[in-house]
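Note sheet for the following structure.
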Amino acid sequence: MAAASIVLVHGGGATARFWDRLIPRLDRPALAVDLPGRGTKPGDLATLTVDDEVASVVADVTASGLSPPFVLVAHSSGGLVVPGVVAALGGRVEHVVLNAASIPPEGGLGLDCMQPRHAEGVRIALERAENGGPPLLTPGPPDDPEKFRNAYGPPLDDETLTFVVDPIRCVVDTMHHYLQPVHWSRAGDVPVTYITTALDRPVPYELQLEMIERLPHAPTVVPFETGHIPAITDPEQFADAIRTATT
């Protein structure tokens, strides 16, 4: 039996190009999707919902010509779309691999996956946007790339920093999707592997452990001693983890 095809879902402020270093190291066909409003995919970032993102991923998978079964890989806030995609694709998803991924409590919001000191400020700003204020968006590529050197964990080398802040993969993004409920119960019994990142700054390790406990079924946990973006900083290790989890 052929190995399952891989579908890659990026996280916040990124595009399908986030996975550029990982894809050449994978041992099977892979599809990296752009979520709406990012990369090549049109979308209204001010009003974008998790359901919009789910529909976009499912449409891309359907149009790709890849044969099932699929392994769904999601990074950071890309985790919010996973239950809906699994439900929509039915039994065609045979495994899910999450990396520092957002897992709200059942029926909870993406806001519940943020550090509390960040979540309250985002909540207030989103409420203002909902009441007619300007939409809350992420800033996109920085004027000074040095702002990103230490943002994810251990300092990025010059080549990796240039890769990360390139406007083809560092983009303005929605915050609106953090307001929609997510139901992991929709994912059924699909097996999950969760890659933790011990040196992660945006999603601290302790928060990752808390989110793992929210999954309806205990996942296989694979610990990495990396920052938030191992698909970029440690792509060989990431590819090995996918192979090990799904063979």
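Following the order of the structure tokens, first chain is A, next is B, and so on, with residues numbered from 1 inside each chain and ligands from 1 in the order they appear.
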For region 142-227 of chain A against region 83-93 of chain A, with a cut-off of 7 Å and counting only C-alpha atoms, what is the closest atom pair and its distance in Å to one decimal for every residue that makes the cut, ordered by chain and number, as JSON lines?
{"residue": "A:His183", "atom": "CA", "partner": "A:Pro83", "partner_atom": "CA", "distance": 6.6}
{"residue": "A:Trp184", "atom": "CA", "partner": "A:Pro83", "partner_atom": "CA", "distance": 5.2}
{"residue": "A:Arg186", "atom": "CA", "partner": "A:Pro83", "partner_atom": "CA", "distance": 5.6}
{"residue": "A:Ala187", "atom": "CA", "partner": "A:Pro83", "partner_atom": "CA", "distance": 4.7}
Exercise. What residues in region 68-239 of chain A get the DSSP label helix (DSSP H, G or I)? Please answer as JSON, numbers by chain.
Worked result: {"A": [76, 77, 78, 79, 80, 81, 82, 83, 84, 85, 86, 87, 88, 89, 90, 91, 92, 110, 111, 112, 113, 116, 117, 118, 119, 120, 121, 122, 123, 124, 125, 126, 127, 128, 129, 130, 145, 146, 147, 148, 158, 159, 160, 161, 162, 163, 164, 165, 176, 177, 178, 179, 184, 185, 186, 187, 205, 206, 207, 208, 209, 210, 211, 212, 230, 231, 232, 233, 235, 236, 237, 238, 239]}
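Every protein, DNA or RNA residue with an atom at most 8 Å from region 63-76 of chain A, where only C-alpha atoms count and chain neighbours fewer than 4 positions away do not, is listed here: Ala4, Ser5, Ile6, Val7, Leu8, Val9, His10, Gly11, Gly12, Pro29, Leu31, Ala59, Val82, Gly91, Arg92, Val93, Glu94, His95, Val96, Val97, Leu98, Asn99, Ala100, Ala101, Ser102, Val203 and Thr246 of chain A.
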Exercise. Please, which residues of region 53-222 of chain A, numbered as in this document, come out strand (DSSP E) from DSSP, as a ChimeraX atom specification?
Worked result: /A:70-75,93-99,192-197,220-222
Exercise. Which value, in Å to one decimal, gives the distance between CA of Leu136 (chain A) and CA of Met175 (chain A)?
Worked result: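 Answer for the CA of Leu136 (chain A) to CA of Met175 (chain A) separation: 5.9 Å.
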Exercise. CA of Ile229 (chain A) and CA of Gly39 (chain A), how far apart in Å?
Worked result: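 Interatomic distance here is 18.5 Å.
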Each residue of region 29-97 of chain A with at least one atom at most 12 Å from region 176-179 of chain A should appear once, together with its nearest atom pair and the corresponding distance in Å (one decimal); atoms considered: only C-alpha atoms; ordering: chain, then increasing residue number; output as JSON lines.
{"residue": "A:Leu35", "atom": "CA", "partner": "A:His177", "partner_atom": "CA", "distance": 11.5}
{"residue": "A:Pro36", "atom": "CA", "partner": "A:His177", "partner_atom": "CA", "distance": 11.1}
{"residue": "A:Gly37", "atom": "CA", "partner": "A:His177", "partner_atom": "CA", "distance": 11.9}
{"residue": "A:Asp44", "atom": "CA", "partner": "A:His176", "partner_atom": "CA", "distance": 10.1}
{"residue": "A:Leu45", "atom": "CA", "partner": "A:His176", "partner_atom": "CA", "distance": 7.3}
{"residue": "A:Ala46", "atom": "CA", "partner": "A:His176", "partner_atom": "CA", "distance": 6.4}
{"residue": "A:Thr47", "atom": "CA", "partner": "A:His176", "partner_atom": "CA", "distance": 6.1}
{"residue": "A:Leu48", "atom": "CA", "partner": "A:His177", "partner_atom": "CA", "distance": 5.9}
{"residue": "A:Thr49", "atom": "CA", "partner": "A:His177", "partner_atom": "CA", "distance": 4.6}
{"residue": "A:Val50", "atom": "CA", "partner": "A:His177", "partner_atom": "CA", "distance": 5.4}
{"residue": "A:Asp51", "atom": "CA", "partner": "A:His177", "partner_atom": "CA", "distance": 8.8}
{"residue": "A:Asp52", "atom": "CA", "partner": "A:His177", "partner_atom": "CA", "distance": 9.1}
{"residue": "A:Glu53", "atom": "CA", "partner": "A:His177", "partner_atom": "CA", "distance": 8.8}
{"residue": "A:Val54", "atom": "CA", "partner": "A:His177", "partner_atom": "CA", "distance": 11.2}
{"residue": "A:Ser77", "atom": "CA", "partner": "A:Tyr178", "partner_atom": "CA", "distance": 8.8}
{"residue": "A:Gly78", "atom": "CA", "partner": "A:His177", "partner_atom": "CA", "distance": 10.6}
{"residue": "A:Gly79", "atom": "CA", "partner": "A:Tyr178", "partner_atom": "CA", "distance": 11.5}
{"residue": "A:Leu80", "atom": "CA", "partner": "A:Tyr178", "partner_atom": "CA", "distance": 8.6}
{"residue": "A:Val81", "atom": "CA", "partner": "A:His177", "partner_atom": "CA", "distance": 9.8}
For this session: Go through A:Pro230, A:Pro181, A:Pro216, A:Pro191 one by one, measure the shortest atom-to-atom distance of each to Asp112 (chain A) using only C-alpha atoms, and give the residue with the smallest value.
Result: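 Counting only C-alpha atoms, the residue closest to Asp112 (chain A) is A:Pro181.
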Exercise. A:Pro219, A:Gly13, A:Gly227, A:Pro202: which is nearest Met114 (chain A), counting only C-alpha atoms?
Worked result: A:Pro202
Exercise. Do you know which residues are at most 12 Å from Gln115 (chain A) counting only C-alpha atoms, after dropping those on the same chain fewer than 6 positions away, and could you put them as a ChimeraX atom specification?
Worked result: /A:102,121-123,201-208,210-211
Exercise. Which neighbours of Glu159 (chain A) fall inside 12 Å, counting only C-alpha atoms, when residues of the same chain fewer than 5 positions from it are skipped, and could you give them as number ranges by chain?
Worked result: A: 145, 149, 164-166, 232-233
Problem set entry | One-decimal distance in Å that lies between CA of Arg28 (chain A) and CA of Thr247 (chain A) |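 About the pair CA of Thr247 (chain A) and CA of Arg28 (chain A): they are 11.6 Å apart.
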Exercise. Counting only C-alpha atoms, which of A:Gln237, A:Thr174, A:Thr226, A:Ser185 gets nearest to Gly43 (chain A)?
Worked result: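 The shortest atom-to-atom distance to Gly43 (chain A) comes from A:Thr174.
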